[in-house]
>>> print(open('model.cif').read())   # mmCIF, C-alpha atoms and all ligand atoms
data_entry
loop_
_atom_site.label_atom_id
_atom_site.label_comp_id
_atom_site.auth_asym_id
_atom_site.auth_seq_id
_atom_site.Cartn_x
_atom_site.Cartn_y
_atom_site.Cartn_z
CA PRO A 1 -17.97 -7.69 -7.08
CA ARG A 2 -17.19 -5.23 -4.34
CA TYR A 3 -14.09 -3.08 -3.90
CA LEU A 4 -12.40 -3.58 -0.52
CA ALA A 5 -9.34 -1.90 0.96
CA LEU A 6 -6.71 -3.81 2.93
CA ILE A 7 -4.14 -1.62 4.68
CA PRO A 8 -1.02 -3.20 6.17
CA ALA A 9 -0.13 -1.07 9.22
CA ALA A 10 1.86 -3.45 11.39
CA GLY A 11 5.36 -2.13 10.66
CA VAL A 12 7.69 -0.69 13.28
CA GLY A 13 9.13 2.14 11.17
CA ALA A 14 12.77 1.25 11.76
CA ARG A 15 14.09 3.69 9.13
CA MET A 16 11.96 6.51 10.54
CA ALA A 17 13.43 5.77 14.00
CA ALA A 18 10.80 7.92 15.74
CA GLY A 19 10.49 5.76 18.85
CA SER A 20 6.96 4.75 17.90
CA PRO A 21 5.53 3.32 14.66
CA LYS A 22 5.58 5.94 11.91
CA GLN A 23 1.98 5.32 10.85
CA TYR A 24 0.85 7.20 13.97
CA LEU A 25 3.09 10.26 13.54
CA PRO A 26 1.19 13.48 12.83
CA ILE A 27 1.07 14.79 9.27
CA GLY A 28 -0.35 18.30 9.37
CA GLY A 29 -1.75 17.58 12.84
CA LYS A 30 -3.51 14.31 11.94
CA PRO A 31 -2.07 10.80 12.41
CA MET A 32 -0.64 9.40 9.18
CA LEU A 33 -2.83 6.30 9.28
CA ARG A 34 -5.95 8.43 9.73
CA HIS A 35 -5.13 10.26 6.49
CA THR A 36 -4.79 6.88 4.79
CA LEU A 37 -8.08 5.57 6.18
CA ASP A 38 -9.87 8.82 5.29
CA ALA A 39 -8.84 8.47 1.63
CA PHE A 40 -10.75 5.18 1.43
CA LEU A 41 -13.67 6.43 3.53
CA SER A 42 -14.07 9.37 1.16
CA SER A 43 -14.22 7.10 -1.92
CA PRO A 44 -17.78 6.05 -2.85
CA ARG A 45 -16.30 2.96 -4.57
CA ILE A 46 -14.95 1.33 -1.44
CA ALA A 47 -17.44 -0.99 0.29
CA HIS A 48 -15.29 -1.60 3.36
CA THR A 49 -11.78 -0.99 4.68
CA TYR A 50 -9.70 -3.44 6.71
CA VAL A 51 -6.55 -2.41 8.54
CA VAL A 52 -3.96 -4.93 9.75
CA VAL A 53 -2.08 -3.95 12.92
CA SER A 54 0.09 -5.90 15.34
CA ALA A 55 -1.67 -7.85 18.10
CA ASP A 56 -0.55 -5.47 20.85
CA ASP A 57 -0.91 -2.16 18.96
CA PRO A 58 -1.85 0.44 21.65
CA PHE A 59 -2.70 3.30 19.27
CA ILE A 60 -5.20 2.03 16.71
CA ASP A 61 -8.35 2.24 18.85
CA SER A 62 -7.89 5.98 19.39
CA ILE A 63 -7.66 6.82 15.70
CA VAL A 64 -10.00 4.37 13.97
CA PRO A 65 -13.29 5.92 12.83
CA GLY A 66 -16.54 4.47 14.15
CA GLN A 67 -17.81 3.13 10.84
CA GLY A 68 -16.48 1.62 7.66
CA VAL A 69 -13.22 0.24 9.07
CA THR A 70 -12.50 -3.15 10.65
CA VAL A 71 -9.31 -3.61 12.66
CA LEU A 72 -7.52 -6.94 12.22
CA ARG A 73 -4.95 -7.56 14.96
CA CYS A 74 -2.98 -10.14 12.98
CA GLY A 75 0.14 -8.31 11.82
CA GLY A 76 3.15 -10.48 10.94
CA ALA A 77 6.93 -10.10 10.86
CA THR A 78 6.99 -8.80 7.28
CA ARG A 79 4.67 -6.72 5.14
CA MET A 80 3.84 -9.77 3.07
CA GLU A 81 3.01 -11.81 6.18
CA SER A 82 0.75 -9.05 7.49
CA ILE A 83 -1.13 -9.03 4.20
CA ARG A 84 -1.36 -12.82 4.06
CA ASN A 85 -2.74 -12.89 7.62
CA GLY A 86 -5.20 -10.14 6.78
CA LEU A 87 -6.43 -11.98 3.68
CA ARG A 88 -6.86 -15.15 5.74
CA ALA A 89 -8.94 -13.22 8.29
CA LEU A 90 -11.26 -12.06 5.50
CA HIS A 91 -11.92 -15.61 4.33
CA GLY A 92 -15.65 -16.33 4.40
CA SER A 93 -16.74 -12.71 4.68
CA VAL A 94 -15.64 -11.67 1.19
CA ALA A 95 -16.37 -13.14 -2.24
CA LEU A 96 -13.59 -14.82 -4.21
CA ASN A 97 -14.04 -12.32 -7.04
CA ASP A 98 -14.18 -9.20 -4.83
CA TRP A 99 -11.44 -6.72 -5.66
CA VAL A 100 -8.93 -6.04 -2.87
CA LEU A 101 -6.98 -2.78 -2.97
CA VAL A 102 -3.84 -3.29 -0.87
CA HIS A 103 -2.44 0.05 0.25
CA ASP A 104 0.43 0.96 2.58
CA ALA A 105 -0.53 2.81 5.75
CA ALA A 106 2.64 4.79 5.09
CA ARG A 107 1.19 6.44 1.93
CA PRO A 108 -1.07 9.09 3.48
CA GLY A 109 -1.20 11.23 0.32
CA LEU A 110 -3.68 8.97 -1.48
CA ASP A 111 -7.05 10.52 -2.33
CA ALA A 112 -10.42 9.46 -3.73
CA GLU A 113 -9.48 10.69 -7.20
CA LEU A 114 -6.47 8.35 -7.44
CA ILE A 115 -8.56 5.46 -6.11
CA GLU A 116 -11.15 6.21 -8.77
CA ARG A 117 -8.54 6.30 -11.53
CA LEU A 118 -7.18 2.91 -10.50
CA VAL A 119 -10.62 1.35 -10.20
CA VAL A 120 -11.88 2.73 -13.53
CA GLU A 121 -8.76 1.66 -15.44
CA THR A 122 -8.43 -1.75 -13.79
CA GLY A 123 -12.00 -2.85 -12.98
CA GLU A 124 -12.38 -4.75 -16.29
CA HIS A 125 -8.79 -5.99 -16.44
CA PRO A 126 -8.35 -9.79 -16.30
CA VAL A 127 -5.43 -9.58 -13.85
CA GLY A 128 -5.56 -6.32 -11.90
CA GLY A 129 -3.36 -3.29 -11.60
CA LEU A 130 -1.47 -0.79 -9.52
CA LEU A 131 -0.64 2.88 -9.35
CA ALA A 132 2.89 3.62 -10.54
CA LEU A 133 4.98 6.56 -11.74
CA PRO A 134 7.03 6.66 -14.95
CA VAL A 135 10.72 7.13 -14.11
CA VAL A 136 11.80 10.69 -14.97
CA ASP A 137 15.42 10.64 -13.80
CA THR A 138 18.40 9.25 -15.68
CA VAL A 139 19.03 5.80 -14.23
CA LYS A 140 22.52 4.41 -13.52
CA ARG A 141 23.49 0.88 -12.62
CA ALA A 142 26.79 0.57 -10.75
CA VAL A 143 28.06 -2.96 -10.12
CA ALA A 144 31.63 -3.93 -9.24
CA GLY A 145 33.20 -0.73 -10.55
CA GLU A 146 31.27 -0.76 -13.82
CA VAL A 147 28.81 2.08 -14.37
CA ALA A 148 26.15 2.00 -17.07
CA THR A 149 23.19 4.19 -17.96
CA VAL A 150 19.98 2.20 -18.06
CA SER A 151 17.33 3.31 -20.51
CA ARG A 152 14.33 4.57 -18.58
CA ASP A 153 12.12 3.45 -21.45
CA GLY A 154 9.34 1.40 -19.89
CA LEU A 155 10.58 1.87 -16.32
CA TRP A 156 8.03 2.67 -13.62
CA LEU A 157 8.16 3.13 -9.85
CA ALA A 158 5.48 1.04 -8.14
CA GLN A 159 3.11 2.70 -5.72
CA THR A 160 0.01 1.38 -3.98
CA PRO A 161 -2.94 0.70 -4.03
CA GLN A 162 -2.37 -2.55 -5.87
CA MET A 163 -5.66 -4.08 -6.84
CA PHE A 164 -6.38 -7.76 -7.47
CA ARG A 165 -9.28 -10.10 -6.99
CA TYR A 166 -9.30 -11.76 -3.57
CA GLN A 167 -8.77 -15.26 -4.94
CA LEU A 168 -5.85 -14.33 -7.19
CA LEU A 169 -4.13 -12.32 -4.47
CA CYS A 170 -4.36 -15.24 -2.03
CA ARG A 171 -3.03 -17.64 -4.65
CA ALA A 172 -0.15 -15.36 -5.59
CA LEU A 173 0.98 -14.68 -2.01
CA ASP A 174 0.65 -18.35 -1.02
CA ALA A 175 2.78 -19.35 -4.01
CA ALA A 176 5.55 -16.91 -3.10
CA THR A 177 8.31 -19.08 -1.68
CA ASP A 178 10.98 -16.40 -1.22
CA PRO A 179 9.38 -13.55 0.76
CA SER A 180 12.47 -11.36 0.40
CA ALA A 181 12.07 -11.42 -3.38
CA ILE A 182 8.49 -10.19 -3.05
CA THR A 183 8.54 -6.48 -2.21
CA ASP A 184 5.02 -5.75 -3.36
CA ASP A 185 1.84 -7.63 -4.13
CA ALA A 186 2.07 -7.16 -7.87
CA SER A 187 5.42 -8.96 -8.03
CA ALA A 188 3.81 -12.05 -6.49
CA VAL A 189 1.15 -11.91 -9.20
CA GLU A 190 3.80 -11.37 -11.90
CA ALA A 191 5.62 -14.47 -10.63
CA LEU A 192 2.55 -16.46 -11.72
CA GLY A 193 3.20 -15.27 -15.27
CA LEU A 194 0.44 -12.63 -15.21
CA ALA A 195 0.82 -8.98 -16.23
CA PRO A 196 -0.99 -6.36 -14.12
CA ARG A 197 -1.90 -2.98 -15.59
CA LEU A 198 0.16 0.06 -14.60
CA VAL A 199 -1.99 3.12 -13.93
CA GLU A 200 -0.31 6.51 -13.57
CA GLY A 201 -0.23 7.57 -9.90
CA HIS A 202 0.93 10.87 -8.44
CA PRO A 203 4.03 12.05 -6.52
CA ARG A 204 1.81 13.11 -3.61
CA ASN A 205 1.19 9.40 -3.00
CA LEU A 206 4.78 9.01 -1.76
CA LYS A 207 5.72 6.38 0.80
CA VAL A 208 6.78 8.02 4.03
CA THR A 209 9.97 6.16 4.93
CA LEU A 210 12.64 8.57 6.26
CA PRO A 211 12.25 11.52 8.68
CA ALA A 212 12.43 14.09 5.85
CA ASP A 213 9.43 12.44 4.15
CA ILE A 214 7.11 13.72 6.89
CA ARG A 215 7.69 17.30 5.79
CA ILE A 216 7.32 16.42 2.12
CA ALA A 217 4.01 14.69 2.85
CA GLU A 218 2.85 17.80 4.72
CA LEU A 219 3.80 20.04 1.80
CA TYR A 220 1.83 17.89 -0.64
CA LEU A 221 -1.10 17.83 1.75
CA ALA A 222 -1.12 21.62 2.01
CA ALA A 223 -0.67 22.07 -1.74
CA PHE A 224 -3.59 19.83 -2.68
CA SER A 225 -6.14 20.62 0.05
CA GLN A 226 -8.70 23.13 -1.11
N1 LIG A 301 4.01 -3.37 7.31
C1 LIG A 301 3.21 -4.33 7.94
N2 LIG A 301 3.79 -5.37 8.63
C2 LIG A 301 5.12 -5.49 8.70
C3 LIG A 301 5.96 -4.55 8.05
C4 LIG A 301 5.36 -3.49 7.35
O1 LIG A 301 1.99 -4.23 7.90
N3 LIG A 301 5.64 -6.49 9.40
C5 LIG A 301 3.39 -2.23 6.66
C6 LIG A 301 3.87 -0.90 7.23
O2 LIG A 301 3.11 -0.56 8.41
C7 LIG A 301 3.67 0.06 6.07
C8 LIG A 301 3.78 -0.84 4.83
O3 LIG A 301 3.74 -2.19 5.30
O4 LIG A 301 2.39 0.66 6.08
C9 LIG A 301 5.05 -0.54 4.05
O5 LIG A 301 6.17 -0.90 4.84
P1 LIG A 301 7.37 0.08 5.25
O6 LIG A 301 7.21 1.39 4.61
O7 LIG A 301 8.62 -0.69 5.06
O8 LIG A 301 7.07 0.32 6.82
P2 LIG A 301 7.90 -0.25 8.06
O9 LIG A 301 8.22 -1.68 7.82
O10 LIG A 301 7.14 0.10 9.28
O11 LIG A 301 9.23 0.64 8.01
P3 LIG A 301 10.75 0.10 8.10
O12 LIG A 301 10.91 -0.87 6.94
O13 LIG A 301 11.58 1.33 7.99
O14 LIG A 301 10.85 -0.59 9.44
MG MG A 302 9.50 -2.29 6.16
#
>>> encode(input="model.cif", output="structure tokens")
Amino acid sequence: PRYLALIPAAGVGARMAAGSPKQYLPIGGKPMLRHTLDAFLSSPRIAHTYVVVSADDPFIDSIVPGQGVTVLRCGGATRMESIRNGLRALHGSVALNDWVLVHDAARPGLDAELIERLVVETGEHPVGGLLALPVVDTVKRAVAGEVATVSRDGLWLAQTPQMFRYQLLCRALDAATDPSAITDDASAVEALGLAPRLVEGHPRNLKVTLPADIRIAELYLAAFSQ
């Protein structure tokens, strides 16, 4: 089987509120989405990369590299819809048992080493897996005036890439009836009663969501570029 990357990049970046989609904002002088694409292009494991953008996206053509990336103009109203549409567009050109690494455009700190770690630790797994970070903070749950400390034992924060075989990913996302309950791809797979593997990610692979995250992403980029 091959390893393919599918990058949802059809969001509007409402929480970033930058006036244009956040995936095109510069991080250290380079558009965020280009960092994300370059991570996959620099990985010898990845056979091809697909990026899902909205039908009328005016920016993608100026940042997409000439080779190794196919643009799919089939973005939907939600992240899950964009991924579903992207998977549908791949039908026929990928094998049912090919691995698909779904990765947010808004995580520009990914690198080939993290991709390699995920692939090596998940490539033989019957279900698939994802990068995630063990929770290090003390966790509180506050509901209706009651406050309790939740044991962080076994708690992880999910990152991406999330890696599943094409056929399983399609089945899981098609079976998801409540899209608001599905905030990542792994949760759709878990809803089928399957347990993906958690592979330790890295804080540099943060999701850029709020304006302050741009600076944090730039600091990680500077700290880890040699
Ligand atoms: N995404 C997508 N299609 C959508 C919504 C989101 O492809 N309809 C993508 C985003 O481009 C991003 C990833 O899914 O790469 C994670 O989503 P998020 O960080 O929430 O990005 P936005 O939805 O753009 O941001 P916001 O929720 O603040 O509007
Ligand atoms: Mg969003």
>>> residues_near_ligand(input="model.cif", ligand="ligand MG 302 (chain A)", cutoff="10 Å", atoms="all atoms listed in the file", output="PyMOL selection string")
chain A and resi 10-15+77-80+106+183+209
>>> write_last_selection(input="model.cif", atoms="C-alpha atoms", output="PDB file, in the frame of the given file")
ATOM      1  CA  ALA A  10       1.860  -3.450  11.390  1.00  0.00           C
ATOM      2  CA  GLY A  11       5.360  -2.130  10.660  1.00  0.00           C
ATOM      3  CA  VAL A  12       7.690  -0.690  13.280  1.00  0.00           C
ATOM      4  CA  GLY A  13       9.130   2.140  11.170  1.00  0.00           C
ATOM      5  CA  ALA A  14      12.770   1.250  11.760  1.00  0.00           C
ATOM      6  CA  ARG A  15      14.090   3.690   9.130  1.00  0.00           C
ATOM      7  CA  ALA A  77       6.930 -10.100  10.860  1.00  0.00           C
ATOM      8  CA  THR A  78       6.990  -8.800   7.280  1.00  0.00           C
ATOM      9  CA  ARG A  79       4.670  -6.720   5.140  1.00  0.00           C
ATOM     10  CA  MET A  80       3.840  -9.770   3.070  1.00  0.00           C
ATOM     11  CA  ALA A 106       2.640   4.790   5.090  1.00  0.00           C
ATOM     12  CA  THR A 183       8.540  -6.480  -2.210  1.00  0.00           C
ATOM     13  CA  THR A 209       9.970   6.160   4.930  1.00  0.00           C
TER      14      THR A 209
END
>>> axis_aligned_box(input="model.cif", around="segment 79-82 of chain A", padding_each_side="3 Å", output="JSON")
{"center_x": 2.7, "center_y": -9.3, "center_z": 5.3, "size_x": 9.9, "size_y": 11.1, "size_z": 10.4}
>>> closest_residue(input="model.cif", among="A:Gly86, A:Gly123, A:Gly29, A:Gly145", to="Leu6 of chain A", atoms="all atoms listed in the file")
A:Gly86
>>> closest_residue(input="model.cif", among="A:Pro211, A:Gly76, A:Gly68, A:Pro1", to="Tyr166 of chain A", atoms="all atoms listed in the file")
A:Pro1
>>> residues_around(input="model.cif", residues="Ala212 of chain A", least_positions_apart="5", cutoff="12 Å", atoms="all atoms listed in the file", output="list in words")
Arg15, Met16, Ala17, Ala18, Ile27, Leu206, Lys207, Ala217, Glu218 and Leu219 of chain A
>>> atom_distance(input="model.cif", atom1="atom CA of Pro203 of chain A", atom2="atom CA of Trp156 of chain A")
12.4 Å
>>> closest_residue(input="model.cif", among="A:Leu130, A:Leu198, A:Leu37, A:Ala175", to="Val100 of chain A", atoms="all atoms listed in the file")
A:Leu130
>>> closest_residue(input="model.cif", among="A:Pro108, A:Pro44, A:Gly92, A:Gly154", to="ligand LIG 301 (chain A)", atoms="all atoms listed in the file")
A:Pro108
